[in-house]
Amino acid sequence: MSNVRLIVGLHFSLPPCFKESEAEELYRQSVFPLIELLLRFPKFKVTLYFSGNLMAWLKKRHPESLLQLRTCCSKHKQIEFLSNGYYEPPLQLISRRSCAYQIEKHFTAVRDSVGKGIRPKGFWLNDGNWETSFPSILSAMGFLYTFIDDSVIRACGFSPKDMFDVFVTEEQGHSLHLFPIIESLSSPFCKVPVDGYVENLSRLSSTCHDDTVTVFKNGFSLNAADYEWMARFIGLCGDASLFFAHPGNVVKKVKDLKLVYIPDSVGDECAGRMFFDGQRRNYDLFSRQFDSTDCKTLFRRGAFRNFLIKYRESAHLYHRIRYIEAYLKTLPKVEQKQCADVLAEGQTAYPMRKADDAGVFDAAARQKSYTALISIEKVLKKNAAVREIDFDNDGLTEIFHYGPTLLALFHRKGASIRELDYLPSSFNYVNTFCDYDENCEFGRFLRRGAACFQDFFILSEDYGKVDRVLEPSAFQYDLSDFSYESESINEAKRVLRFALSLPDNIEMSKDYLLKRNDVTVEYRFDSTGNQNLSRYFGTELNLSFSDCSLCSAEVFESQDLHPLDQTHRFSRPKSLKLNDGANDTTLTLSFFGAPCDVFMMPIYAETDVFGERRSLYQHVSVKIVWELDLKAESSCFFGVALNIVRSVARG
């Protein structure tokens with residue numbers, strides 16, 4: 001009769017922007033019953049992963065739970081802890097130095113929380129993501145093993161029977177042990193009759209081969225009833241000669257390892273999000289058709305980096321992290337250390353991918369990463385400057401403006417602002433979202449790309465049909481994807497000039513004037529033809545607010561307050577104040593050169609969050625429309641000034 005080693009693992013992760021009430025509910029539902037179970041069964045062994053956010057929250061709100069876990073570790077040797085980067089970063093997208101810092105920070109958190117002698121030897125992969133560089137990264141940090149979906153191993157040509165073995169992989173001579181997470185046993189764990197589950201496992205002990213069964217669950221998906229199931233399971237396993245084990249001990253004892261090389265892939269939670277158009281439909285079709293067969297393991301599931309292709313917001317956040325990392329390398333080590341922890345907080349993977357949770361659709365999580373990165377800009381105290389750089393590797397040179405209070409990134413596509421950071425509050429007011437159609441073709445989104453000062457034209461006869469909502473479908477010419485020429489940069493006066501040749505013999509120049517708290521945009525139109533033109537020209541400002549229910553718009557003339565979570569149209573205002581209550585900041589729009597109309601509406605994006613269709617707030621769209629009545633061989637100009645200032649002084 002063979003020995004059957006059971007590795008039972010639970011992973012617990014809190015998202016970056018969790019609510020206290022939600023965290024407390026999850027603790028009562030999942031963490032507290034786990035501790036009770038461990039104290040009740042001292043011989044039960046479990047493998048645990050707690051994210052850095054969760055350990056910090058437990059230390060603050062429930063320090064007694066950490067003391068109890070420490071007892072389970074030191075006295076009964078019940079728990080083997082896993083590690084990760086403290087803020088769960090995408091290891092593929094950050095520097096080796098940042099990886100090492102985040103992992104060491106998580107090591108320290110585990111040691112401080114549950115015992116000085118504990119240093120995790122196992123690593124938990126976010127969402128099952130895998131890249132071929134991981135063996136060298138993780139082994140260099142002292143890790144012996146990690147876990148991976150069994151479907152990934154099976155896709156490499158191994159049979160279902162092989163999933164009860166321990167594998168090893170290597171990269172440039174750096175080895176890493178792999179434990180396949182057996183999906184057919186993990187999914188029904190706690191969800192089927194316990195007697196039948198144990199009977200199924202007992203059949204393995206009738207073979208002549210020692211088997212290792214690895215079962216992993218999301219700890220926050222369990223409740224008190226599930227832990228009662230586990231209590232019965234623990235009792236029955238003792239009677240059935242099934243032994244609980246820690247992976248660290250299994251690695252020491254197992255000598256017959258199978259070698260495997262795994263291509264870059266993402267785990268099951270993210271897999272379907274990596275496909276587009278027909279690929280996505282085929283993936284869904286085949287996964288349903290072959291769900292219980294070996295054919296499902298043949299699917300290519302893409303690489304984590306493809307999220308950067310599908311979601312512009314993921315790509316921008318990634319390039320921002322990469323830009324900060326590159327700049328920090330040029331600084332003295334003292335300043336690098338000063339920024340290390342803040343940078344780590346901005347590197348979390350959660351707002352850069354889409355799984356069963358909100359992911360990149362979570363505006364608050366994106367903003368939290370930006371806040372950390374902007375805080376580094378404040379620490380570095382850069383002098384006011386204008387720098388040109390191909391920020392996003394698209395072949396076009398972008399322009400960074402560094403001011404005392406404002407940082408702005410200008411893109412030649414649309415001559416628009418892709419990032420506008422207000423340094424006093426470390427807030428990016430262009431943390432916006434495009435609202436993608438997740439079930440449609442590659443890279444397609446439901447509305448135009450969301451940036452600041454994106455231009456468009458409307459035919460004069462169409463404008464009369466517009467009521468309160470001005471949709472992009474009304475635009476005759478959408479200029480947001482046109483590449484403007486960068487005509488001149490006056491760094492001393494901080495003036496940027498862009499130009500674009502338009503249909504109907506119109507030449508347009510777009511000047512940005514940058515001051516301490518102001519971004520002023522002036523448009524000039526020159527007719528080179530011999531005909532009179534009547535058009536409506538507009539620009540769209542997509543502005544991010546952390547909570548639009550706390551914000552309002554105030555028209556200068558009437559001083560009436562209009563909530564930003566509703567749709568509004570303002571006729572011919574001279575100025576408009578947007579009150580950001582969450583940041584104690586006021587954004588003032590002042591219009592000059594010609595009367596204009598302003599359309600304002602909140603933007604939401606729909607996505608599935610744990611199986612439920614939800615509409616998530618993203619930002620506020622502000623469209624400004626001027627009447628362009630251009631005579632033959634004449635000129636006209638108008639514009640808007642955006643002022644951002646802290647309305648309440650903070651100590």
# chains A, B, ... in the order shown; residues from 1 in each chain; ligands from 1
>>> residues_around(residues="Asp629 of chain A", least_positions_apart="3", cutoff="10 Å", atoms="only C-alpha atoms", output="ChimeraX atom specification")
/A:460,532-537,626,632,634-636
>>> write_last_selection(atoms="N, CA, C and O atoms", output="compact mmCIF listing (two decimals), in the first residue's frame")
# COMPACT_ATOMS: atom_id res chain seq x y z
N SER A 460 -22.86 71.47 -38.44
CA SER A 460 -23.76 72.45 -37.82
C SER A 460 -25.19 71.93 -37.76
O SER A 460 -25.90 72.15 -36.77
N ASN A 532 -16.86 79.86 -47.14
CA ASN A 532 -17.23 80.05 -45.74
C ASN A 532 -17.60 78.69 -45.13
O ASN A 532 -18.25 77.87 -45.77
N LEU A 533 -17.17 78.47 -43.87
CA LEU A 533 -17.40 77.19 -43.21
C LEU A 533 -18.14 77.40 -41.91
O LEU A 533 -17.85 78.33 -41.15
N SER A 534 -19.12 76.54 -41.66
CA SER A 534 -19.86 76.58 -40.40
C SER A 534 -19.80 75.19 -39.77
O SER A 534 -20.32 74.23 -40.32
N ARG A 535 -19.12 75.12 -38.66
CA ARG A 535 -18.92 73.85 -37.95
C ARG A 535 -19.07 74.11 -36.44
O ARG A 535 -19.08 75.24 -35.97
N TYR A 536 -19.13 73.03 -35.70
CA TYR A 536 -19.02 73.10 -34.25
C TYR A 536 -17.78 72.30 -33.86
O TYR A 536 -17.66 71.11 -34.17
N PHE A 537 -16.86 72.98 -33.18
CA PHE A 537 -15.62 72.35 -32.75
C PHE A 537 -15.68 72.12 -31.25
O PHE A 537 -16.19 72.96 -30.50
N TRP A 626 -17.60 74.89 -29.16
CA TRP A 626 -17.68 76.24 -29.67
C TRP A 626 -18.23 76.22 -31.10
O TRP A 626 -18.01 75.25 -31.85
N ALA A 632 -13.96 82.86 -45.52
CA ALA A 632 -12.90 82.52 -46.47
C ALA A 632 -11.63 83.31 -46.15
O ALA A 632 -11.68 84.52 -45.90
N SER A 634 -9.78 83.55 -43.51
CA SER A 634 -9.80 84.31 -42.25
C SER A 634 -9.34 83.39 -41.12
O SER A 634 -9.04 82.21 -41.33
N SER A 635 -9.30 83.94 -39.91
CA SER A 635 -8.83 83.19 -38.74
C SER A 635 -9.77 83.44 -37.58
O SER A 635 -10.50 84.43 -37.53
N CYS A 636 -9.73 82.53 -36.64
CA CYS A 636 -10.45 82.72 -35.38
C CYS A 636 -9.74 81.92 -34.29
O CYS A 636 -8.97 81.01 -34.58
>>> residues_around(residues="segment 608-614 of chain A", least_positions_apart="3", cutoff="12 Å", atoms="only C-alpha atoms", output="list in words")
Ser221, Glu269, Arg273, Lys354, Ala355, Asp356, Asp357, Ala358, Gly359, Val360, Phe361, Asp362, Asp437, Glu438, Asn439, Tyr604, Ala605 and Tyr617 of chain A
>>> closest_residue(among="A:Cys339, A:Asn84, A:Leu93, A:Leu423", to="Thr108 of chain A", atoms="only C-alpha atoms")
A:Asn84
>>> residues_around(residues="Gln559 of chain A", least_positions_apart="5", cutoff="12 Å", atoms="only C-alpha atoms", output="count of residues only")
9
>>> closest_residue(among="A:Val168, A:Thr567, A:Asp518, A:Pro160", to="Leu185 of chain A", atoms="only C-alpha atoms")
A:Pro160
>>> closest_residue(among="A:Lys191, A:Lys493, A:Lys258, A:Arg524", to="Ile153 of chain A", atoms="only C-alpha atoms")
A:Lys258
>>> atom_distance(atom1="atom CA of Lys75 of chain A", atom2="atom CA of Glu104 of chain A")
25.0 Å
>>> atom_distance(atom1="atom CA of Cys452 of chain A", atom2="atom CA of Leu420 of chain A")
8.4 Å
>>> closest_atom_pairs(of="segment 331-440 of chain A", to="segment 46-54 of chain A", cutoff="12 Å", atoms="only C-alpha atoms", output="CSV")
residue,atom,partner,partner_atom,distance
A:Ala344,CA,A:Gly52,CA,11.3
A:Glu345,CA,A:Asn53,CA,10.1
A:Thr348,CA,A:Asn53,CA,10.9
>>> residues_around(residues="Gln78 of chain A", least_positions_apart="4", cutoff="8 Å", atoms="only C-alpha atoms", output="list in words")
Leu38, Pro42, Lys43, Phe44, Lys45, Val46, Cys72 and Cys73 of chain A
>>> write_last_selection(atoms="all heavy atoms", output="short mmCIF file (atom, residue, chain, number, x, y, z; two decimals), in the first residue's frame")
data_model
loop_
_atom_site.label_atom_id
_atom_site.label_comp_id
_atom_site.auth_asym_id
_atom_site.auth_seq_id
_atom_site.Cartn_x
_atom_site.Cartn_y
_atom_site.Cartn_z
N LEU A 38 -7.58 25.12 13.24
CA LEU A 38 -6.20 24.76 13.55
C LEU A 38 -6.01 24.47 15.04
O LEU A 38 -5.31 23.52 15.42
CB LEU A 38 -5.26 25.88 13.10
CG LEU A 38 -5.11 26.07 11.58
CD1 LEU A 38 -4.38 27.37 11.27
CD2 LEU A 38 -4.38 24.90 10.96
N PRO A 42 -4.64 19.94 16.27
CA PRO A 42 -3.21 20.27 16.27
C PRO A 42 -2.39 19.47 15.25
O PRO A 42 -1.30 19.91 14.88
CB PRO A 42 -2.77 19.94 17.70
CG PRO A 42 -4.03 19.96 18.51
CD PRO A 42 -5.10 19.48 17.59
N LYS A 43 -2.89 18.32 14.79
CA LYS A 43 -2.13 17.50 13.84
C LYS A 43 -2.43 17.86 12.39
O LYS A 43 -1.81 17.33 11.48
CB LYS A 43 -2.42 16.02 14.08
CG LYS A 43 -1.89 15.51 15.42
CD LYS A 43 -2.09 14.01 15.55
CE LYS A 43 -1.52 13.52 16.88
NZ LYS A 43 -1.69 12.04 17.04
N PHE A 44 -3.37 18.74 12.16
CA PHE A 44 -3.71 19.16 10.80
C PHE A 44 -2.65 20.12 10.28
O PHE A 44 -2.30 21.09 10.94
CB PHE A 44 -5.09 19.83 10.80
CG PHE A 44 -5.49 20.43 9.47
CD1 PHE A 44 -5.45 19.67 8.31
CD2 PHE A 44 -5.89 21.75 9.39
CE1 PHE A 44 -5.81 20.21 7.09
CE2 PHE A 44 -6.25 22.31 8.18
CZ PHE A 44 -6.22 21.54 7.03
N LYS A 45 -2.14 19.84 9.11
CA LYS A 45 -1.11 20.68 8.49
C LYS A 45 -1.71 21.40 7.29
O LYS A 45 -2.42 20.79 6.47
CB LYS A 45 0.08 19.83 8.04
CG LYS A 45 0.82 19.14 9.18
CD LYS A 45 2.02 18.37 8.67
CE LYS A 45 2.69 17.60 9.80
NZ LYS A 45 3.24 18.50 10.83
N VAL A 46 -1.39 22.68 7.18
CA VAL A 46 -1.94 23.50 6.09
C VAL A 46 -0.84 24.42 5.56
O VAL A 46 0.08 24.82 6.29
CB VAL A 46 -3.16 24.32 6.58
CG1 VAL A 46 -2.74 25.35 7.61
CG2 VAL A 46 -3.89 24.99 5.41
N CYS A 72 0.33 28.13 16.45
CA CYS A 72 0.17 27.00 15.53
C CYS A 72 1.46 26.68 14.79
O CYS A 72 1.75 25.52 14.48
CB CYS A 72 -0.95 27.28 14.53
SG CYS A 72 -2.59 27.42 15.26
N CYS A 73 2.24 27.73 14.50
CA CYS A 73 3.50 27.54 13.78
C CYS A 73 4.58 26.98 14.70
O CYS A 73 5.24 25.98 14.37
CB CYS A 73 3.99 28.87 13.21
SG CYS A 73 3.22 29.33 11.67
#
>>> select_by_dssp(residues="segment 374-548 of chain A", states="strand (DSSP E)", output="VMD selection string")
chain A and resid 385 to 389 398 to 402 406 to 411 416 to 422 427 to 428 452 to 459 477 to 478 485 to 490 495 to 502 506 to 514 518 to 527 533 to 543
>>> atom_distance(atom1="atom CA of Lys161 of chain A", atom2="atom CA of Gly9 of chain A")
20.5 Å
>>> select_by_dssp(residues="segment 86-277 of chain A", states="alpha helix (DSSP H)", output="VMD selection string")
chain A and resid 96 to 114 134 to 140 150 to 154 183 to 186 194 to 202 224 to 239 247 to 253 268 to 271 277
>>> write_last_selection(atoms="C-alpha atoms", output="PDB file, in the first residue's frame")
ATOM      1  CA  ARG A  96      14.809  42.173 -10.506  1.00  0.00           C
ATOM      2  CA  ARG A  97      15.786  44.704  -7.870  1.00  0.00           C
ATOM      3  CA  SER A  98      12.139  45.626  -7.251  1.00  0.00           C
ATOM      4  CA  CYS A  99      11.220  41.920  -7.109  1.00  0.00           C
ATOM      5  CA  ALA A 100      13.863  41.311  -4.455  1.00  0.00           C
ATOM      6  CA  TYR A 101      12.730  44.296  -2.394  1.00  0.00           C
ATOM      7  CA  GLN A 102       9.063  43.308  -2.428  1.00  0.00           C
ATOM      8  CA  ILE A 103       9.769  39.664  -1.593  1.00  0.00           C
ATOM      9  CA  GLU A 104      12.120  40.601   1.252  1.00  0.00           C
ATOM     10  CA  LYS A 105       9.464  42.960   2.605  1.00  0.00           C
ATOM     11  CA  HIS A 106       6.945  40.099   2.610  1.00  0.00           C
ATOM     12  CA  PHE A 107       9.513  37.849   4.309  1.00  0.00           C
ATOM     13  CA  THR A 108       9.870  40.452   7.032  1.00  0.00           C
ATOM     14  CA  ALA A 109       6.107  40.781   7.450  1.00  0.00           C
ATOM     15  CA  VAL A 110       5.715  37.006   7.871  1.00  0.00           C
ATOM     16  CA  ARG A 111       8.575  36.849  10.353  1.00  0.00           C
ATOM     17  CA  ASP A 112       7.259  39.773  12.414  1.00  0.00           C
ATOM     18  CA  SER A 113       3.723  38.391  12.383  1.00  0.00           C
ATOM     19  CA  VAL A 114       4.150  34.683  13.142  1.00  0.00           C
ATOM     20  CA  PHE A 134      10.608  32.623 -12.888  1.00  0.00           C
ATOM     21  CA  PRO A 135      12.950  29.735 -11.922  1.00  0.00           C
ATOM     22  CA  SER A 136      15.992  32.007 -11.948  1.00  0.00           C
ATOM     23  CA  ILE A 137      14.152  34.870 -10.192  1.00  0.00           C
ATOM     24  CA  LEU A 138      12.686  32.706  -7.432  1.00  0.00           C
ATOM     25  CA  SER A 139      15.622  30.377  -6.819  1.00  0.00           C
ATOM     26  CA  ALA A 140      17.904  33.416  -6.490  1.00  0.00           C
ATOM     27  CA  ASP A 150      -2.325  21.055 -13.381  1.00  0.00           C
ATOM     28  CA  SER A 151      -3.765  22.037 -16.773  1.00  0.00           C
ATOM     29  CA  VAL A 152      -0.534  23.911 -17.515  1.00  0.00           C
ATOM     30  CA  ILE A 153       1.554  20.794 -16.787  1.00  0.00           C
ATOM     31  CA  ARG A 154      -0.810  18.596 -18.790  1.00  0.00           C
ATOM     32  CA  GLU A 183      -8.286  21.044 -10.261  1.00  0.00           C
ATOM     33  CA  SER A 184     -10.509  17.926 -10.212  1.00  0.00           C
ATOM     34  CA  LEU A 185      -9.887  17.650  -6.472  1.00  0.00           C
ATOM     35  CA  SER A 186      -9.603  21.356  -5.591  1.00  0.00           C
ATOM     36  CA  VAL A 194     -17.136  14.466   2.504  1.00  0.00           C
ATOM     37  CA  ASP A 195     -17.464  10.660   2.669  1.00  0.00           C
ATOM     38  CA  GLY A 196     -17.358  10.316  -1.091  1.00  0.00           C
ATOM     39  CA  TYR A 197     -14.441  12.740  -1.357  1.00  0.00           C
ATOM     40  CA  VAL A 198     -12.332  10.737   1.109  1.00  0.00           C
ATOM     41  CA  GLU A 199     -13.308   7.459  -0.567  1.00  0.00           C
ATOM     42  CA  ASN A 200     -12.065   8.871  -3.876  1.00  0.00           C
ATOM     43  CA  LEU A 201      -8.718   9.763  -2.302  1.00  0.00           C
ATOM     44  CA  SER A 202      -8.450   6.362  -0.621  1.00  0.00           C
ATOM     45  CA  ALA A 224     -18.041  28.389   8.609  1.00  0.00           C
ATOM     46  CA  ALA A 225     -19.903  25.513   6.933  1.00  0.00           C
ATOM     47  CA  ASP A 226     -16.882  24.790   4.733  1.00  0.00           C
ATOM     48  CA  TYR A 227     -14.620  24.635   7.774  1.00  0.00           C
ATOM     49  CA  GLU A 228     -17.011  22.173   9.429  1.00  0.00           C
ATOM     50  CA  TRP A 229     -16.676  20.065   6.260  1.00  0.00           C
ATOM     51  CA  MET A 230     -12.904  20.259   6.698  1.00  0.00           C
ATOM     52  CA  ALA A 231     -13.208  19.175  10.334  1.00  0.00           C
ATOM     53  CA  ARG A 232     -15.034  16.003   9.264  1.00  0.00           C
ATOM     54  CA  PHE A 233     -12.512  15.554   6.457  1.00  0.00           C
ATOM     55  CA  ILE A 234      -9.586  15.703   8.892  1.00  0.00           C
ATOM     56  CA  GLY A 235     -11.150  13.016  11.077  1.00  0.00           C
ATOM     57  CA  LEU A 236     -11.859  10.701   8.155  1.00  0.00           C
ATOM     58  CA  CYS A 237      -8.358  11.128   6.676  1.00  0.00           C
ATOM     59  CA  GLY A 238      -6.807   9.674   9.832  1.00  0.00           C
ATOM     60  CA  ASP A 239      -8.997   6.565   9.536  1.00  0.00           C
ATOM     61  CA  PRO A 247       5.459  20.896   0.601  1.00  0.00           C
ATOM     62  CA  GLY A 248       8.825  21.836   2.137  1.00  0.00           C
ATOM     63  CA  ASN A 249       9.101  18.377   3.729  1.00  0.00           C
ATOM     64  CA  VAL A 250       7.908  16.653   0.558  1.00  0.00           C
ATOM     65  CA  VAL A 251      10.647  18.362  -1.458  1.00  0.00           C
ATOM     66  CA  LYS A 252      13.266  16.981   0.934  1.00  0.00           C
ATOM     67  CA  LYS A 253      11.993  13.403   0.684  1.00  0.00           C
ATOM     68  CA  ASP A 268      -7.402  29.993 -15.237  1.00  0.00           C
ATOM     69  CA  GLU A 269      -8.820  33.140 -13.611  1.00  0.00           C
ATOM     70  CA  CYS A 270      -7.203  35.319 -16.287  1.00  0.00           C
ATOM     71  CA  ALA A 271      -7.154  32.877 -19.211  1.00  0.00           C
ATOM     72  CA  ASP A 277     -12.984  38.534 -30.947  1.00  0.00           C
TER      73      ASP A 277
END
>>> closest_atom_pairs(of="segment 491-584 of chain A", to="segment 376-397 of chain A", cutoff="10 Å", atoms="only C-alpha atoms", output="CSV")
residue,atom,partner,partner_atom,distance
A:Glu491,CA,A:Val386,CA,6.1
A:Ala492,CA,A:Ala385,CA,8.7
A:Arg494,CA,A:Val386,CA,7.6
A:Val495,CA,A:Val386,CA,9.7
A:Leu496,CA,A:Val386,CA,9.6
A:Arg516,CA,A:Ala384,CA,9.7
>>> write_last_selection(atoms="C-alpha atoms", output="mmCIF file, in the first residue's frame")
data_model
loop_
_atom_site.group_PDB
_atom_site.id
_atom_site.type_symbol
_atom_site.label_atom_id
_atom_site.label_comp_id
_atom_site.auth_asym_id
_atom_site.auth_seq_id
_atom_site.Cartn_x
_atom_site.Cartn_y
_atom_site.Cartn_z
ATOM 1 C CA GLU A 491 10.835 75.470 -22.392
ATOM 2 C CA ALA A 492 11.554 78.864 -20.834
ATOM 3 C CA ARG A 494 6.577 76.545 -21.004
ATOM 4 C CA VAL A 495 4.559 76.785 -24.207
ATOM 5 C CA LEU A 496 3.895 73.731 -26.411
ATOM 6 C CA ARG A 516 2.102 76.745 -11.698
#
>>> closest_residue(among="A:Ser416, A:Ser369, A:Ser65, A:Gln618", to="Ile321 of chain A", atoms="only C-alpha atoms")
A:Ser369
>>> closest_residue(among="A:Val31, A:Val334, A:Cys551, A:Leu514", to="Tyr402 of chain A", atoms="only C-alpha atoms")
A:Leu514
>>> closest_residue(among="A:Lys465, A:Lys19, A:Arg322, A:Lys631", to="Leu373 of chain A", atoms="only C-alpha atoms")
A:Arg322
